[in-house]
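Taking it in order: structure first as structure tokens, then the write-up.
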Amino acid sequence: MSTLTISDLQVSVETDQGAKQILRGVDLTINEGEIHAIMGPNGSGKSTLAYAIAGHPKYTVDGGSITLDGEDVLAMTVDQRARAGLFLAMQYPVEIPGVTNSNFLRTAKTAITGEAPAIRGWIKEVRDSMGKLRMDSSFAERNVNEGFSGGEKKRNEILQMELLKPRFAVLDETDSGLDVDALKIVSEGVNRAMAATGLGILLITHYTRILRYITPDFVHVFVAGRVAEEGGPELAERLEDEGYDRFLPEAVS
Amino acid sequence: MTESTATSPARGLATPDGNTAVEVTGTGTRPSIISDATNRHGAVPVQTRNARFTSADVADFPEVTGREANWKLTPVDRIRDLLDGPLDGSAYSVVAQPSDGVDVRWVPRTDPRIGLAGIPEDKASANAWSSFGTALAITLSGEEHTELVVGRSEFGTLPRAAHTLLEAKPFSDSLVVLDNTGSAALVENLEILVRDGARLTLVTVQDFAEDARYVASHFAQVGRDATFKHVVVSLGGSVVRVNPSVTLADTGADGELLGVYFSDAGQHLEQQVFLFHKAANTRGRVNYKGALQGAGARTVWIGDVLIGPEASGTDSYEQNRNLVLSDGTRADSIPNLEIETGDILGAGHASATGRFDDEQLFYLQSRGIPEEEARRLVVRGFLIDIIQRIGSAALEERLTAAIEAELARDDR
Ligand SMILES: Nc1ncnc2c1ncn2[C@@H]1O[C@H](COP(=O)(O)OP(=O)(O)OP(=O)(O)O)[C@@H](O)[C@H]1O
Ligand SMILES: [Mg+2]
């Protein structure tokens, strides 16, 4: 069984005013087959955690560690991390002009598995996954995310997750900007991937509504760059009722 | 990518014959900088673009100082011998596969077609015109689509003049590639006559040896209901300057002017494009894209579009985009639009120079794609729409390979 371990992670981001510390000692252990929800108010550092795991160059790790089955993830380049089995569904997926989705998917699949997928089976697999995510087949020949609506971009992220079959996926607010139908479709995609490969999932969200469709094993409340409280699914329900107020500093008086 | 765009519904819009130089420095992760020659609307043009002095005699042009509007962005010192020195105007070796409807031969200076497409506007062009002894004439007459590749690789290292004539007979349909490689210290005039109803695609590939210097002027006249696609591909050479002037001379003429260039360390690649909508109901599209990588990589694009007083119903758009892949490069991008009639369908221009977007690189890498390959994908993606518009699969493949070879050079 694979395990992704994050210990005492401290991360800062480059800003025009210099480095700014965002993560102040994050501890998380995720096993394959587990779904961990990370919930927290805007600006609490959720995306920073996601980017730090993926290795975005703008984020500097000042302390702590991330390991995948004991391997030092922080020593890996961005692409090595992906090949090691990590995947990040981004909050704001990037548009890549002039590169078709199908070319991109094939190139990524080839990079991850180390060999080009057999054409026939691959085309069918892509088509099936797109069908299940209710993506029109024209999305294969469109440029990556170019001109996609917010919801279409999120589906495209889940499509990549299904096709690339990571061992661990970080989903950064994949639910935001989705209407209820799209939310169900995307949630089904996540549940399908879970059933197929038993990956571990770090589900970052601001709202509880996606948790109606994807049941987390653990819920972590993220505040000011740290995990402030942890529990089971019932914690999410409590947040739904109470909001984040009790975690925030006393209202500025 | 930041950009400037403008659309001009009416008359009297021009930008001065000025220049907008853009120096790209710094190491931001987001696209930065941009050239914009379009925000000075209302200024009076120095001179209408088709009113420049022309002469086929080199003696009629004063010595080039490097301060002239059409020379000031060129490294004149590196091509001084080509501007006014002696040029060898004899025939050179040409490789072309004969086929039906295609005639390739050397013709004397007295060929009646010479001078029909245009007359030199600068001293280098006039120097070549004064010096050439014989012209290479390519005549296309087949109504069935024909393709011709003319290989030219033996210009040699001594200063040389060339004159080339391309005539697409009425209703002919052809694609011609002038494939230029090897050494060169060459000044060339290329005259193109696209007769009524003809369809011609002309691709010139400048993939010269590293020390080559090449200064070319293209003059094209596009006839009634004729379709002309003109493609400039500049990859190799020390100084490569290709200035195409295309006149949409008769009703219904269509001109698509495409360009793709990749400048690496120390290279100067320049194109001064002039599209003249002379007749009514003509359509013009100018679309040039370039990439720059390596210390001292330099590109110049000037795009002049003139919509003349007779050119009612004109539909015109021009754009230039540059992708900066490393520090220490410089891209000039200067669109100019002059409109002398109020009755047009539409005219606009856009110009943008942007830095390679690291977020795109991160996105691709986060899917397991190694950095080098990710860069290739992004750059190829940037240039692909031009490459695909050429309409030749073989050429598309070759250009893609050439661009990948450029990217693989580690002088970044
Ligand atoms: N590039 C940056 N420059 C300056 N500040 C940054 C940068 N990136 C992140 N931050 C700051 O770091 C903090 C955490 O940002 P982060 O995006 O991780 O929050 P988040 O929890 O994902 O918020 P949201 O719910 O809005 O997505 C915020 O205060 C944000 O403004
Ligand atoms: Mg976020």
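Going by the structure tokens order, chains are called A, B, ..., each with residues numbered from 1, while ligands are numbered from 1 in the order shown.
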- Task: Mind checking which residues fall within 12 Å of A:Val180, counting only C-alpha atoms, ignoring those fewer than 3 positions away in the same chain, and posting them as a count of residues only?
- Result: 13
- Item | Nearby residues, ligand 1, 8 Å, only C-alpha atoms and all ligand atoms, as a list in words |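 After applying the 8 Å limit, what remains is Val13, Glu14, Thr15, Asp16, Lys20, Gln21, Ile22, Gly40, Pro41, Asn42, Gly43, Ser44, Gly45, Lys46, Ser47, Thr48, Leu49, Ala50, Lys58, Gln91, Asp172, Glu173, Thr205, His206, Phe222 and Gly225 of chain A.
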- Task: Could you give me, as number ranges by chain, each residue of stretch 26-259 of chain B that DSSP assigns to strand (DSSP E or B) when run on this structure's backbone?
- Result: B: 88, 93-96, 102-108, 134-140, 146-154, 160-168, 173-182, 185-194, 199-208, 213-222, 227-236, 239-248, 254-259
- Counting only C-alpha atoms, chain B residues within 9 Å of chain A, as a list in words: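 The answer, sorted by residue number, is Thr29, Glu359, Gln360, Phe362, Tyr363, Leu364, Gln365, Ser366, Arg367, Gly368, Ile369, Pro370, Glu371, Leu377, Val378, Val379, Arg380, Gly381, Phe382, Leu383, Ile384 and Asp385 of chain B.
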Dump of N, CA, C and O atoms for the selected residues, as a PDB file, in the first residue's frame:
ATOM      1  N   THR B  29       7.617  35.316 -14.520  1.00  0.00           N
ATOM      2  CA  THR B  29       7.074  34.035 -14.956  1.00  0.00           C
ATOM      3  C   THR B  29       5.853  34.257 -15.826  1.00  0.00           C
ATOM      4  O   THR B  29       5.338  33.342 -16.413  1.00  0.00           O
ATOM      5  N   GLU B 359       3.653  29.108 -16.649  1.00  0.00           N
ATOM      6  CA  GLU B 359       2.497  28.355 -16.135  1.00  0.00           C
ATOM      7  C   GLU B 359       2.124  27.232 -17.102  1.00  0.00           C
ATOM      8  O   GLU B 359       1.675  26.164 -16.688  1.00  0.00           O
ATOM      9  N   GLN B 360       2.304  27.498 -18.383  1.00  0.00           N
ATOM     10  CA  GLN B 360       2.038  26.437 -19.360  1.00  0.00           C
ATOM     11  C   GLN B 360       3.033  25.298 -19.190  1.00  0.00           C
ATOM     12  O   GLN B 360       2.685  24.125 -19.236  1.00  0.00           O
ATOM     13  N   PHE B 362       4.611  24.518 -16.455  1.00  0.00           N
ATOM     14  CA  PHE B 362       4.290  23.809 -15.218  1.00  0.00           C
ATOM     15  C   PHE B 362       3.128  22.844 -15.441  1.00  0.00           C
ATOM     16  O   PHE B 362       3.160  21.694 -14.991  1.00  0.00           O
ATOM     17  N   TYR B 363       2.128  23.311 -16.141  1.00  0.00           N
ATOM     18  CA  TYR B 363       0.948  22.467 -16.364  1.00  0.00           C
ATOM     19  C   TYR B 363       1.331  21.182 -17.097  1.00  0.00           C
ATOM     20  O   TYR B 363       0.967  20.081 -16.692  1.00  0.00           O
ATOM     21  N   LEU B 364       2.104  21.335 -18.158  1.00  0.00           N
ATOM     22  CA  LEU B 364       2.501  20.154 -18.928  1.00  0.00           C
ATOM     23  C   LEU B 364       3.404  19.241 -18.101  1.00  0.00           C
ATOM     24  O   LEU B 364       3.248  18.018 -18.106  1.00  0.00           O
ATOM     25  N   GLN B 365       4.331  19.841 -17.384  1.00  0.00           N
ATOM     26  CA  GLN B 365       5.234  19.020 -16.562  1.00  0.00           C
ATOM     27  C   GLN B 365       4.475  18.284 -15.475  1.00  0.00           C
ATOM     28  O   GLN B 365       4.816  17.162 -15.121  1.00  0.00           O
ATOM     29  N   SER B 366       3.444  18.940 -14.951  1.00  0.00           N
ATOM     30  CA  SER B 366       2.688  18.303 -13.875  1.00  0.00           C
ATOM     31  C   SER B 366       1.923  17.091 -14.384  1.00  0.00           C
ATOM     32  O   SER B 366       1.345  16.337 -13.608  1.00  0.00           O
ATOM     33  N   ARG B 367       1.913  16.908 -15.710  1.00  0.00           N
ATOM     34  CA  ARG B 367       1.300  15.706 -16.294  1.00  0.00           C
ATOM     35  C   ARG B 367       2.386  14.715 -16.712  1.00  0.00           C
ATOM     36  O   ARG B 367       2.147  13.826 -17.534  1.00  0.00           O
ATOM     37  N   GLY B 368       3.586  14.931 -16.212  1.00  0.00           N
ATOM     38  CA  GLY B 368       4.642  13.944 -16.449  1.00  0.00           C
ATOM     39  C   GLY B 368       5.525  14.244 -17.640  1.00  0.00           C
ATOM     40  O   GLY B 368       6.488  13.532 -17.905  1.00  0.00           O
ATOM     41  N   ILE B 369       5.208  15.304 -18.391  1.00  0.00           N
ATOM     42  CA  ILE B 369       5.961  15.592 -19.611  1.00  0.00           C
ATOM     43  C   ILE B 369       7.260  16.321 -19.239  1.00  0.00           C
ATOM     44  O   ILE B 369       7.223  17.347 -18.575  1.00  0.00           O
ATOM     45  N   PRO B 370       8.403  15.781 -19.643  1.00  0.00           N
ATOM     46  CA  PRO B 370       9.679  16.406 -19.277  1.00  0.00           C
ATOM     47  C   PRO B 370       9.804  17.829 -19.837  1.00  0.00           C
ATOM     48  O   PRO B 370       9.190  18.150 -20.859  1.00  0.00           O
ATOM     49  N   GLU B 371      10.610  18.632 -19.176  1.00  0.00           N
ATOM     50  CA  GLU B 371      10.683  20.048 -19.512  1.00  0.00           C
ATOM     51  C   GLU B 371      10.973  20.322 -20.989  1.00  0.00           C
ATOM     52  O   GLU B 371      10.302  21.137 -21.620  1.00  0.00           O
ATOM     53  N   LEU B 377       6.420  21.460 -27.120  1.00  0.00           N
ATOM     54  CA  LEU B 377       4.975  21.477 -27.359  1.00  0.00           C
ATOM     55  C   LEU B 377       4.447  22.906 -27.384  1.00  0.00           C
ATOM     56  O   LEU B 377       3.645  23.272 -28.245  1.00  0.00           O
ATOM     57  N   VAL B 378       4.893  23.708 -26.426  1.00  0.00           N
ATOM     58  CA  VAL B 378       4.378  25.069 -26.325  1.00  0.00           C
ATOM     59  C   VAL B 378       4.807  25.911 -27.534  1.00  0.00           C
ATOM     60  O   VAL B 378       4.003  26.620 -28.134  1.00  0.00           O
ATOM     61  N   VAL B 379       6.093  25.794 -27.908  1.00  0.00           N
ATOM     62  CA  VAL B 379       6.581  26.615 -29.017  1.00  0.00           C
ATOM     63  C   VAL B 379       5.951  26.162 -30.335  1.00  0.00           C
ATOM     64  O   VAL B 379       5.498  26.968 -31.146  1.00  0.00           O
ATOM     65  N   ARG B 380       5.915  24.862 -30.511  1.00  0.00           N
ATOM     66  CA  ARG B 380       5.293  24.348 -31.720  1.00  0.00           C
ATOM     67  C   ARG B 380       3.828  24.776 -31.746  1.00  0.00           C
ATOM     68  O   ARG B 380       3.291  25.165 -32.772  1.00  0.00           O
ATOM     69  N   GLY B 381       3.177  24.727 -30.585  1.00  0.00           N
ATOM     70  CA  GLY B 381       1.780  25.151 -30.494  1.00  0.00           C
ATOM     71  C   GLY B 381       1.614  26.613 -30.875  1.00  0.00           C
ATOM     72  O   GLY B 381       0.645  26.995 -31.521  1.00  0.00           O
ATOM     73  N   PHE B 382       2.598  27.401 -30.490  1.00  0.00           N
ATOM     74  CA  PHE B 382       2.545  28.832 -30.812  1.00  0.00           C
ATOM     75  C   PHE B 382       2.639  29.066 -32.316  1.00  0.00           C
ATOM     76  O   PHE B 382       1.952  29.914 -32.881  1.00  0.00           O
ATOM     77  N   LEU B 383       3.482  28.310 -32.976  1.00  0.00           N
ATOM     78  CA  LEU B 383       3.722  28.538 -34.408  1.00  0.00           C
ATOM     79  C   LEU B 383       2.801  27.723 -35.311  1.00  0.00           C
ATOM     80  O   LEU B 383       2.729  27.970 -36.513  1.00  0.00           O
ATOM     81  N   ILE B 384       2.089  26.775 -34.717  1.00  0.00           N
ATOM     82  CA  ILE B 384       1.433  25.753 -35.535  1.00  0.00           C
ATOM     83  C   ILE B 384       0.388  26.304 -36.494  1.00  0.00           C
ATOM     84  O   ILE B 384       0.234  25.811 -37.600  1.00  0.00           O
ATOM     85  N   ASP B 385      -0.330  27.346 -36.075  1.00  0.00           N
ATOM     86  CA  ASP B 385      -1.416  27.778 -36.962  1.00  0.00           C
ATOM     87  C   ASP B 385      -0.872  28.322 -38.275  1.00  0.00           C
ATOM     88  O   ASP B 385      -1.494  28.172 -39.322  1.00  0.00           O
TER      89      ASP B 385
END
- Message: What's around A:Phe168 at 10 Å? Count only C-alpha atoms, leave out sequence neighbours fewer than 3 positions away in its own chain, and write the answer as a ChimeraX atom specification.
- Response: /A:2-4,30-35,68,82,84-88,161,165,171,198-202
- Which of these residues is nearest to A:Arg246, using only C-alpha atoms: A:Glu229, A:Val126, A:Lys132, A:Glu234? A:Glu229
- Message: DSSP on the backbone: which residues in stretch 28-82 of chain A end up as helix (DSSP H, G or I)? Give the answer as a list in words.
- Response: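 Across stretch 28-82 of chain A, those assigned helix (DSSP H, G or I) are Lys46, Ser47, Thr48, Leu49, Ala50, Tyr51, Ala52, Ile53, Ala54, Val73, Leu74, Ala75, Val78, Asp79, Gln80, Arg81 and Ala82 of chain A.
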- Message: Ranking A:Arg155, A:Gly131, A:Ser138, A:Ile38 by minimum distance to ligand 2 and counting only C-alpha atoms and all ligand atoms, which one comes first?
- Response: A:Ile38
Find the residues around A:Trp122 up to 10 Å (only C-alpha atoms counted), leave out those fewer than 3 positions away in its own chain, and share them as a tab-separated table (two decimals) with N, CA and C atoms, in the first residue's frame.
chain	number	residue	atom	x	y	z
A	105	LEU	N	-2.94	14.58	-24.21
A	105	LEU	CA	-3.23	13.39	-23.39
A	105	LEU	C	-2.31	12.23	-23.76
A	106	ARG	N	-2.10	12.06	-25.07
A	106	ARG	CA	-1.24	10.96	-25.51
A	106	ARG	C	0.20	11.18	-25.07
A	109	LYS	N	0.37	10.54	-21.33
A	109	LYS	CA	0.25	9.11	-21.03
A	109	LYS	C	1.58	8.40	-21.35
A	116	ALA	N	4.40	4.60	-25.59
A	116	ALA	CA	3.19	5.10	-26.23
A	116	ALA	C	2.07	4.08	-26.07
A	117	PRO	N	0.87	4.51	-25.71
A	117	PRO	CA	-0.23	3.57	-25.58
A	117	PRO	C	-0.64	3.03	-26.96
A	118	ALA	N	-1.09	1.78	-27.00
A	118	ALA	CA	-1.54	1.20	-28.26
A	118	ALA	C	-2.71	2.02	-28.77
A	119	ILE	N	-2.60	2.45	-30.03
A	119	ILE	CA	-3.52	3.44	-30.58
A	119	ILE	C	-5.00	3.11	-30.38
A	125	GLU	N	-10.39	4.32	-25.02
A	125	GLU	CA	-10.38	4.68	-23.61
A	125	GLU	C	-10.67	6.17	-23.42
A	126	VAL	N	-10.04	6.99	-24.28
A	126	VAL	CA	-10.27	8.44	-24.19
A	126	VAL	C	-11.74	8.73	-24.48
A	127	ARG	N	-12.24	8.11	-25.53
A	127	ARG	CA	-13.61	8.38	-25.93
A	127	ARG	C	-14.59	7.97	-24.81
A	128	ASP	N	-14.34	6.81	-24.23
A	128	ASP	CA	-15.23	6.34	-23.15
A	128	ASP	C	-15.22	7.29	-21.96
A	163	LEU	N	-7.43	9.07	-16.99
A	163	LEU	CA	-6.59	8.44	-18.01
A	163	LEU	C	-5.16	8.20	-17.53
- Name the residues in contact with B:Leu323 at a cut-off of 6 Å, using only C-alpha atoms, excluding same-chain residues fewer than 2 positions from it; report them as a list in words.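 Close residues of B:Leu323: Ala291, Thr353, Gly354 and Arg355 of chain B.
Shortest atom-to-atom contact with B:Ile119 among B:Asp264, B:Asp57, B:Asp103, B:Asp173: B:Asp57, counting only C-alpha atoms.
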Each stretch 102-217 of chain B residue no farther than 12 Å from stretch 387-402 of chain B, nearest pair in Å, only C-alpha atoms, as a Markdown table:
| residue | atom | partner | partner_atom | distance |
| --- | --- | --- | --- | --- |
| B:Thr146 | CA | B:Ser392 | CA | 11.7 |
| B:Glu147 | CA | B:Ser392 | CA | 9.4 |
| B:Leu148 | CA | B:Ser392 | CA | 11.5 |
| B:Val149 | CA | B:Leu395 | CA | 10.3 |
| B:Ser174 | CA | B:Gly391 | CA | 11.2 |
| B:Leu175 | CA | B:Ser392 | CA | 8.6 |
| B:Val176 | CA | B:Ser392 | CA | 10.4 |
| B:Val177 | CA | B:Leu395 | CA | 8.9 |
| B:Leu178 | CA | B:Leu395 | CA | 11.5 |
| B:Asp179 | CA | B:Leu395 | CA | 10.5 |
| B:Leu200 | CA | B:Ile390 | CA | 11.3 |
| B:Thr201 | CA | B:Ile390 | CA | 7.9 |
| B:Leu202 | CA | B:Ile390 | CA | 9.1 |
| B:Val203 | CA | B:Ile390 | CA | 8.0 |
| B:Thr204 | CA | B:Leu395 | CA | 11.1 |
| B:Val205 | CA | B:Leu399 | CA | 9.3 |
| B:Gln206 | CA | B:Leu399 | CA | 11.2 |
| B:Asp207 | CA | B:Ala402 | CA | 8.9 |
- Message: I want to know what sits within 7 Å of stretch 152-167 of chain B, based on only C-alpha atoms, with residues of the same chain fewer than 6 positions away left out; could you give that as a ChimeraX atom specification?
- Response: /B:82,87-89,92-95,128,131-132,135-140,179-194
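Here atom CA of B:Ala69 stands at a distance of 20.6 Å from atom CA of B:Ile307.
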- Item | Which of B:Ser141, B:Thr65, B:Gln271, B:Ser263 sits closest to B:Leu235 [using only C-alpha atoms] |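 When distances to B:Leu235 are compared using only C-alpha atoms, the smallest one comes from B:Ser263.
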- Message: Which residues are near A:Leu159? Cut-off 8 Å, only C-alpha atoms, ignore same chain within fewer than 6 positions. Put them as a ChimeraX atom specification.
- Response: /A:129-130,133,189
